[in-house]
Amino acid sequence: MLVALTGLLAVFLHLSLFVYQLGAPVKAEYWLRELKIVKRVIAANIKGPKLVVLGGSNALVGIDSTMLEETVGIPTVNLALHGALNIHYLLLDAREVLRPYDYLLLALEYEAYTRDPNTLWFTNQVMTWDTTYFWDLPLKDKGTFIHAVPLNRLMAGAVAQLQRGRTANVLHRTVANDDDVLRRYAQAFTDTSTGSREVYSVENVDAHGDLRRLPQSRSYREDSDYGLSTPFVAPAHVWDELREFSEYCQARHITLFFAWPPSIKSPMLDAPAVINHVQQHQAYMRQHRMQMLGLPWEFSYERTFFSDTGYHLTPAGRSKHTEALLRYLRPLMLAPS
């Protein structure tokens, strides 16, 4: 009985610590929350069917929504945020925006298909600036989330919470209110002095949700197989999420397209193991009526088209990648009804 009581006390203290530190001003990507606010407003202002772009930073940086809209003739909004946000989070975000007869272009990084959903980076973002996501999870998923957070992160959050006033103000770790975020977004359109603006901020978002200025243009030098040479097998929870979301779209007459992310041309991507894993992935998607646009090597480009990561394109690379996607989207979206 003593052991059981001690265990219950430990669980109670752990849960109390977890709840106490929620929303603590620790280091995190606060700009993601602000982008999310602005992009949702842009989407809400579109009347009638629209094309929604969703994914990580490969889509945030690498897809030109203006070019998509001008080519297919449908209002387009880019909801893409960050490649390390898990699939459940991204698809939940999409559900808030999608309406019947919309189109969705889902461009996930390769790692999104195989990554643990509750990484330290992801749980840190949720606990810092999107605690609503945690509270809305089913009870079982709440338990899984809490279990994934290491004790040292909880302690760091508790310390930051204790010193909240000083930490938030000195280190600028504050969750801005929605009106302030939208004010700064609107003000950026009339402010021509863009030199001091951060690339990843609401001040750098255009009317479609794209970044107006892209990361520093320099040739990315590293070769990568993007995780495709090792067994590229998505865990059951990933396929469950994608199947459920695909069925959600079909029931609402939402047309769902999957896009391969851009990649740097490399002999590593020509390896038999990579080709085999891609083919298995495609077969599974066809089996579950998920439409993938083209083949991954059709979206591989010279490294001069990449900037600061193997997913981030230069302005020229963004145009090239968008045109490659349009070779598939054009006939599918402009086909006579």
# chains A, B, ... in the order shown; residues from 1 in each chain; ligands from 1
$ residues_around --residues "segment 281-290 of chain A" --least-positions-apart "3" --cutoff "8 Å" --atoms "only C-alpha atoms" --output "PDB file with all heavy atoms, in the first residue's frame"
ATOM      1  N   PHE A 232      11.696   2.967 -45.287  1.00  0.00           N
ATOM      2  CA  PHE A 232      10.781   4.112 -45.292  1.00  0.00           C
ATOM      3  C   PHE A 232       9.368   3.579 -45.063  1.00  0.00           C
ATOM      4  O   PHE A 232       8.561   3.456 -45.975  1.00  0.00           O
ATOM      5  CB  PHE A 232      10.891   4.844 -46.624  1.00  0.00           C
ATOM      6  CG  PHE A 232      10.089   6.127 -46.682  1.00  0.00           C
ATOM      7  CD1 PHE A 232      10.445   7.220 -45.903  1.00  0.00           C
ATOM      8  CD2 PHE A 232       9.000   6.242 -47.519  1.00  0.00           C
ATOM      9  CE1 PHE A 232       9.714   8.403 -45.952  1.00  0.00           C
ATOM     10  CE2 PHE A 232       8.262   7.419 -47.578  1.00  0.00           C
ATOM     11  CZ  PHE A 232       8.630   8.500 -46.798  1.00  0.00           C
ATOM     12  N   VAL A 233       9.103   3.236 -43.819  1.00  0.00           N
ATOM     13  CA  VAL A 233       7.809   2.642 -43.473  1.00  0.00           C
ATOM     14  C   VAL A 233       7.110   3.556 -42.482  1.00  0.00           C
ATOM     15  O   VAL A 233       7.584   3.765 -41.365  1.00  0.00           O
ATOM     16  CB  VAL A 233       7.991   1.235 -42.857  1.00  0.00           C
ATOM     17  CG1 VAL A 233       6.643   0.647 -42.505  1.00  0.00           C
ATOM     18  CG2 VAL A 233       8.745   0.336 -43.814  1.00  0.00           C
ATOM     19  N   ARG A 243      -5.552   8.123 -43.805  1.00  0.00           N
ATOM     20  CA  ARG A 243      -6.785   7.478 -44.288  1.00  0.00           C
ATOM     21  C   ARG A 243      -8.017   8.208 -43.773  1.00  0.00           C
ATOM     22  O   ARG A 243      -8.961   8.481 -44.524  1.00  0.00           O
ATOM     23  CB  ARG A 243      -6.827   6.014 -43.831  1.00  0.00           C
ATOM     24  CG  ARG A 243      -5.983   5.060 -44.655  1.00  0.00           C
ATOM     25  CD  ARG A 243      -6.426   3.617 -44.400  1.00  0.00           C
ATOM     26  NE  ARG A 243      -6.431   3.286 -42.982  1.00  0.00           N
ATOM     27  CZ  ARG A 243      -5.387   2.799 -42.324  1.00  0.00           C
ATOM     28  NH1 ARG A 243      -4.246   2.569 -42.975  1.00  0.00           N
ATOM     29  NH2 ARG A 243      -5.464   2.509 -41.046  1.00  0.00           N
ATOM     30  N   SER A 246      -8.330  11.507 -45.553  1.00  0.00           N
ATOM     31  CA  SER A 246      -8.751  11.312 -46.936  1.00  0.00           C
ATOM     32  C   SER A 246     -10.257  11.050 -47.004  1.00  0.00           C
ATOM     33  O   SER A 246     -10.966  11.595 -47.867  1.00  0.00           O
ATOM     34  CB  SER A 246      -7.982  10.149 -47.556  1.00  0.00           C
ATOM     35  OG  SER A 246      -8.381   9.936 -48.892  1.00  0.00           O
ATOM     36  N   LEU A 256      -8.266  16.223 -52.721  1.00  0.00           N
ATOM     37  CA  LEU A 256      -6.995  16.151 -52.004  1.00  0.00           C
ATOM     38  C   LEU A 256      -5.887  15.667 -52.930  1.00  0.00           C
ATOM     39  O   LEU A 256      -5.987  14.595 -53.531  1.00  0.00           O
ATOM     40  CB  LEU A 256      -7.129  15.206 -50.803  1.00  0.00           C
ATOM     41  CG  LEU A 256      -5.863  14.858 -50.022  1.00  0.00           C
ATOM     42  CD1 LEU A 256      -5.226  16.106 -49.426  1.00  0.00           C
ATOM     43  CD2 LEU A 256      -6.181  13.841 -48.923  1.00  0.00           C
ATOM     44  N   PHE A 257      -4.832  16.476 -53.059  1.00  0.00           N
ATOM     45  CA  PHE A 257      -3.637  16.101 -53.803  1.00  0.00           C
ATOM     46  C   PHE A 257      -2.458  16.020 -52.844  1.00  0.00           C
ATOM     47  O   PHE A 257      -2.291  16.889 -51.981  1.00  0.00           O
ATOM     48  CB  PHE A 257      -3.295  17.142 -54.882  1.00  0.00           C
ATOM     49  CG  PHE A 257      -4.388  17.415 -55.870  1.00  0.00           C
ATOM     50  CD1 PHE A 257      -5.011  18.656 -55.908  1.00  0.00           C
ATOM     51  CD2 PHE A 257      -4.784  16.443 -56.776  1.00  0.00           C
ATOM     52  CE1 PHE A 257      -6.015  18.925 -56.828  1.00  0.00           C
ATOM     53  CE2 PHE A 257      -5.789  16.697 -57.697  1.00  0.00           C
ATOM     54  CZ  PHE A 257      -6.406  17.940 -57.725  1.00  0.00           C
ATOM     55  N   PHE A 258      -1.639  14.979 -52.995  1.00  0.00           N
ATOM     56  CA  PHE A 258      -0.389  14.885 -52.246  1.00  0.00           C
ATOM     57  C   PHE A 258       0.759  15.283 -53.164  1.00  0.00           C
ATOM     58  O   PHE A 258       0.806  14.856 -54.323  1.00  0.00           O
ATOM     59  CB  PHE A 258      -0.153  13.457 -51.744  1.00  0.00           C
ATOM     60  CG  PHE A 258      -1.020  13.063 -50.584  1.00  0.00           C
ATOM     61  CD1 PHE A 258      -2.322  12.623 -50.787  1.00  0.00           C
ATOM     62  CD2 PHE A 258      -0.539  13.135 -49.284  1.00  0.00           C
ATOM     63  CE1 PHE A 258      -3.129  12.257 -49.725  1.00  0.00           C
ATOM     64  CE2 PHE A 258      -1.333  12.772 -48.210  1.00  0.00           C
ATOM     65  CZ  PHE A 258      -2.632  12.325 -48.429  1.00  0.00           C
ATOM     66  N   HIS A 277      11.580   1.900 -51.841  1.00  0.00           N
ATOM     67  CA  HIS A 277      10.777   2.469 -50.765  1.00  0.00           C
ATOM     68  C   HIS A 277       9.740   3.449 -51.299  1.00  0.00           C
ATOM     69  O   HIS A 277       8.601   3.484 -50.812  1.00  0.00           O
ATOM     70  CB  HIS A 277      11.680   3.170 -49.749  1.00  0.00           C
ATOM     71  CG  HIS A 277      12.584   2.234 -49.019  1.00  0.00           C
ATOM     72  ND1 HIS A 277      13.806   2.597 -48.523  1.00  0.00           N
ATOM     73  CD2 HIS A 277      12.436   0.915 -48.716  1.00  0.00           C
ATOM     74  CE1 HIS A 277      14.375   1.555 -47.935  1.00  0.00           C
ATOM     75  NE2 HIS A 277      13.555   0.526 -48.036  1.00  0.00           N
ATOM     76  N   VAL A 278      10.115   4.227 -52.297  1.00  0.00           N
ATOM     77  CA  VAL A 278       9.170   5.166 -52.903  1.00  0.00           C
ATOM     78  C   VAL A 278       8.032   4.409 -53.581  1.00  0.00           C
ATOM     79  O   VAL A 278       6.856   4.780 -53.471  1.00  0.00           O
ATOM     80  CB  VAL A 278       9.892   6.079 -53.909  1.00  0.00           C
ATOM     81  CG1 VAL A 278       8.882   6.848 -54.764  1.00  0.00           C
ATOM     82  CG2 VAL A 278      10.811   7.048 -53.178  1.00  0.00           C
TER      83      VAL A 278
END
$ select_by_dssp --residues "segment 80-267 of chain A" --states "helix (DSSP H, G or I)" --output "number ranges by chain"
A: 87-97, 110-113, 120-129, 131-135, 139-148, 151-162, 164-170, 178-190, 202-204, 236-251, 267
$ closest_residue --among "A:Val19, A:Leu90, A:Val41, A:Ala112" --to "Pro235 of chain A" --atoms "only C-alpha atoms"
A:Ala112
$ closest_residue --among "A:Trp31, A:Tyr248, A:Trp297, A:Trp239" --to "Leu269 of chain A" --atoms "only C-alpha atoms"
A:Trp297
$ atom_distance --atom1 "atom CA of Ala94 of chain A" --atom2 "atom CA of Ala44 of chain A"
12.0 Å
$ select_by_dssp --residues "segment 171-277 of chain A" --states "strand (DSSP E or B)" --output "count of residues only"
9
$ residues_around --residues "segment 128-143 of chain A" --least-positions-apart "2" --cutoff "7 Å" --atoms "only C-alpha atoms" --output "tab-separated table (two decimals) with C-alpha atoms, in the first residue's frame"
chain	number	residue	atom	x	y	z
A	22	LEU	CA	2.03	25.12	-19.46
A	23	GLY	CA	2.40	28.43	-21.28
A	24	ALA	CA	5.75	29.21	-19.61
A	25	PRO	CA	7.95	31.63	-21.61
A	26	VAL	CA	10.61	29.17	-22.68
A	28	ALA	CA	10.23	28.35	-28.82
A	30	TYR	CA	6.52	31.95	-31.33
A	33	ARG	CA	1.53	30.91	-33.86
A	124	ASN	CA	7.78	22.24	-26.54
A	125	GLN	CA	5.89	24.35	-29.10
A	126	VAL	CA	2.49	23.12	-27.93
A	145	PHE	CA	1.83	13.56	-24.82
A	146	ILE	CA	2.70	14.03	-21.13
A	147	HIS	CA	4.74	10.82	-21.10
A	175	VAL	CA	2.38	35.25	-26.86
$ closest_residue --among "A:Tyr103, A:Phe245, A:Tyr200, A:Tyr110" --to "Leu91 of chain A" --atoms "only C-alpha atoms"
A:Phe245
$ closest_residue --among "A:Glu222, A:Asp93, A:Glu247, A:Asp191" --to "Asp308 of chain A" --atoms "only C-alpha atoms"
A:Glu222
$ residues_around --residues "Ser224 of chain A" --least-positions-apart "5" --cutoff "12 Å" --atoms "only C-alpha atoms" --output "ChimeraX atom specification"
/A:110,229,263-271,274,300,303,309-311
$ write_last_selection --atoms "N, CA, C and O atoms" --output "mmCIF file, in the first residue's frame"
data_model
loop_
_atom_site.group_PDB
_atom_site.id
_atom_site.type_symbol
_atom_site.label_atom_id
_atom_site.label_comp_id
_atom_site.auth_asym_id
_atom_site.auth_seq_id
_atom_site.Cartn_x
_atom_site.Cartn_y
_atom_site.Cartn_z
ATOM 1 N N TYR A 110 9.562 14.396 -46.211
ATOM 2 C CA TYR A 110 9.684 12.938 -46.096
ATOM 3 C C TYR A 110 9.686 12.488 -44.641
ATOM 4 O O TYR A 110 9.092 11.465 -44.290
ATOM 5 N N SER A 229 16.684 6.023 -47.828
ATOM 6 C CA SER A 229 17.475 4.808 -48.049
ATOM 7 C C SER A 229 17.282 3.785 -46.936
ATOM 8 O O SER A 229 17.463 2.590 -47.134
ATOM 9 N N SER A 263 13.648 18.317 -53.604
ATOM 10 C CA SER A 263 14.861 17.675 -53.090
ATOM 11 C C SER A 263 16.039 18.024 -53.993
ATOM 12 O O SER A 263 15.862 18.360 -55.168
ATOM 13 N N ILE A 264 17.240 17.941 -53.430
ATOM 14 C CA ILE A 264 18.457 18.235 -54.184
ATOM 15 C C ILE A 264 18.852 17.012 -55.003
ATOM 16 O O ILE A 264 18.889 15.898 -54.478
ATOM 17 N N LYS A 265 19.135 17.217 -56.279
ATOM 18 C CA LYS A 265 19.588 16.116 -57.118
ATOM 19 C C LYS A 265 20.849 15.498 -56.530
ATOM 20 O O LYS A 265 21.797 16.193 -56.197
ATOM 21 N N SER A 266 20.833 14.182 -56.400
ATOM 22 C CA SER A 266 21.967 13.488 -55.783
ATOM 23 C C SER A 266 21.944 12.022 -56.186
ATOM 24 O O SER A 266 20.866 11.424 -56.295
ATOM 25 N N PRO A 267 23.123 11.412 -56.391
ATOM 26 C CA PRO A 267 23.176 9.974 -56.669
ATOM 27 C C PRO A 267 22.544 9.145 -55.558
ATOM 28 O O PRO A 267 22.090 8.022 -55.792
ATOM 29 N N MET A 268 22.476 9.712 -54.353
ATOM 30 C CA MET A 268 21.893 8.996 -53.225
ATOM 31 C C MET A 268 20.420 8.684 -53.470
ATOM 32 O O MET A 268 19.902 7.678 -52.995
ATOM 33 N N LEU A 269 19.739 9.558 -54.227
ATOM 34 C CA LEU A 269 18.322 9.345 -54.494
ATOM 35 C C LEU A 269 18.076 8.347 -55.621
ATOM 36 O O LEU A 269 16.936 7.961 -55.867
ATOM 37 N N ASP A 270 19.159 7.934 -56.310
ATOM 38 C CA ASP A 270 19.028 6.946 -57.390
ATOM 39 C C ASP A 270 19.286 5.526 -56.911
ATOM 40 O O ASP A 270 19.235 4.579 -57.701
ATOM 41 N N ALA A 271 19.559 5.358 -55.617
ATOM 42 C CA ALA A 271 19.868 4.039 -55.072
ATOM 43 C C ALA A 271 18.653 3.118 -55.173
ATOM 44 O O ALA A 271 17.517 3.568 -55.012
ATOM 45 N N VAL A 274 16.159 3.330 -52.308
ATOM 46 C CA VAL A 274 15.309 4.522 -52.321
ATOM 47 C C VAL A 274 14.146 4.323 -53.286
ATOM 48 O O VAL A 274 12.981 4.592 -52.952
ATOM 49 N N SER A 300 13.204 17.058 -58.127
ATOM 50 C CA SER A 300 14.589 17.209 -57.675
ATOM 51 C C SER A 300 15.277 18.246 -58.553
ATOM 52 O O SER A 300 15.138 18.213 -59.777
ATOM 53 N N ARG A 303 21.447 21.970 -56.810
ATOM 54 C CA ARG A 303 21.604 22.562 -55.479
ATOM 55 C C ARG A 303 21.624 24.090 -55.511
ATOM 56 O O ARG A 303 21.363 24.740 -54.502
ATOM 57 N N THR A 309 18.491 25.193 -46.352
ATOM 58 C CA THR A 309 18.313 23.778 -46.006
ATOM 59 C C THR A 309 18.039 22.997 -47.285
ATOM 60 O O THR A 309 17.846 23.581 -48.355
ATOM 61 N N GLY A 310 17.970 21.677 -47.156
ATOM 62 C CA GLY A 310 17.686 20.833 -48.307
ATOM 63 C C GLY A 310 16.235 20.847 -48.734
ATOM 64 O O GLY A 310 15.853 20.134 -49.671
ATOM 65 N N TYR A 311 15.404 21.637 -48.066
ATOM 66 C CA TYR A 311 14.000 21.806 -48.455
ATOM 67 C C TYR A 311 13.664 23.229 -48.871
ATOM 68 O O TYR A 311 12.638 23.462 -49.493
#
$ atom_distance --atom1 "atom CA of Pro117 of chain A" --atom2 "atom CA of His237 of chain A"
8.8 Å
$ closest_residue --among "A:Leu228, A:Leu295, A:Val149, A:Leu60" --to "Thr314 of chain A" --atoms "only C-alpha atoms"
A:Leu60
$ residues_around --residues "segment 80-84 of chain A" --least-positions-apart "3" --cutoff "8 Å" --atoms "only C-alpha atoms" --output "MDAnalysis selection string"
chainID A and resid 32 35:36 53:60 108:109 112 121:122
$ write_last_selection --atoms "N, CA, C and O atoms" --output "compact mmCIF listing (two decimals), in the first residue's frame"
# COMPACT_ATOMS: atom_id res chain seq x y z
N LEU A 32 5.46 30.97 -35.32
CA LEU A 32 4.56 30.02 -35.95
C LEU A 32 3.11 30.29 -35.56
O LEU A 32 2.20 30.21 -36.39
N LEU A 35 1.96 33.30 -37.57
CA LEU A 35 1.68 32.95 -38.96
C LEU A 35 0.34 32.23 -39.06
O LEU A 35 -0.45 32.46 -39.98
N LYS A 36 0.10 31.34 -38.11
CA LYS A 36 -1.14 30.57 -38.11
C LYS A 36 -2.35 31.49 -38.01
O LYS A 36 -3.36 31.30 -38.71
N VAL A 53 -2.84 25.28 -49.70
CA VAL A 53 -1.53 24.62 -49.66
C VAL A 53 -1.20 24.34 -48.20
O VAL A 53 -1.30 25.23 -47.36
N LEU A 54 -0.81 23.12 -47.90
CA LEU A 54 -0.52 22.74 -46.52
C LEU A 54 0.73 21.88 -46.47
O LEU A 54 0.96 21.05 -47.36
N GLY A 55 1.53 22.07 -45.43
CA GLY A 55 2.74 21.26 -45.26
C GLY A 55 3.70 21.95 -44.32
O GLY A 55 3.31 22.84 -43.54
N GLY A 56 4.96 21.54 -44.39
CA GLY A 56 5.99 22.16 -43.60
C GLY A 56 6.63 23.31 -44.36
O GLY A 56 6.05 23.87 -45.30
N SER A 57 7.88 23.63 -43.98
CA SER A 57 8.52 24.78 -44.60
C SER A 57 8.88 24.53 -46.06
O SER A 57 9.15 25.47 -46.80
N ASN A 58 8.89 23.26 -46.51
CA ASN A 58 9.11 23.02 -47.93
C ASN A 58 8.01 23.70 -48.75
O ASN A 58 8.27 24.18 -49.87
N ALA A 59 6.79 23.75 -48.21
CA ALA A 59 5.68 24.41 -48.89
C ALA A 59 5.61 25.90 -48.55
O ALA A 59 5.25 26.72 -49.38
N LEU A 60 5.98 26.25 -47.32
CA LEU A 60 6.01 27.65 -46.93
C LEU A 60 6.99 28.43 -47.78
O LEU A 60 6.71 29.55 -48.23
N LEU A 108 4.06 17.23 -47.71
CA LEU A 108 4.74 16.87 -46.47
C LEU A 108 6.21 16.57 -46.73
O LEU A 108 6.57 15.98 -47.75
N GLU A 109 7.06 16.95 -45.79
CA GLU A 109 8.47 16.53 -45.86
C GLU A 109 8.53 15.02 -45.67
O GLU A 109 7.65 14.42 -45.03
N ALA A 112 8.12 13.58 -42.21
CA ALA A 112 6.80 13.65 -41.57
C ALA A 112 6.10 12.29 -41.56
O ALA A 112 5.27 12.01 -40.69
N TRP A 121 10.79 18.80 -29.73
CA TRP A 121 10.54 20.10 -30.38
C TRP A 121 9.04 20.37 -30.44
O TRP A 121 8.58 21.45 -30.10
N PHE A 122 8.28 19.37 -30.87
CA PHE A 122 6.83 19.57 -31.05
C PHE A 122 6.14 19.81 -29.71
O PHE A 122 5.34 20.74 -29.57
$ atom_distance --atom1 "atom CA of Glu69 of chain A" --atom2 "atom CA of Leu92 of chain A"
23.9 Å
$ closest_residue --among "A:Leu8, A:Leu325, A:Leu15, A:Ala158" --to "Trp260 of chain A" --atoms "only C-alpha atoms"
A:Leu325
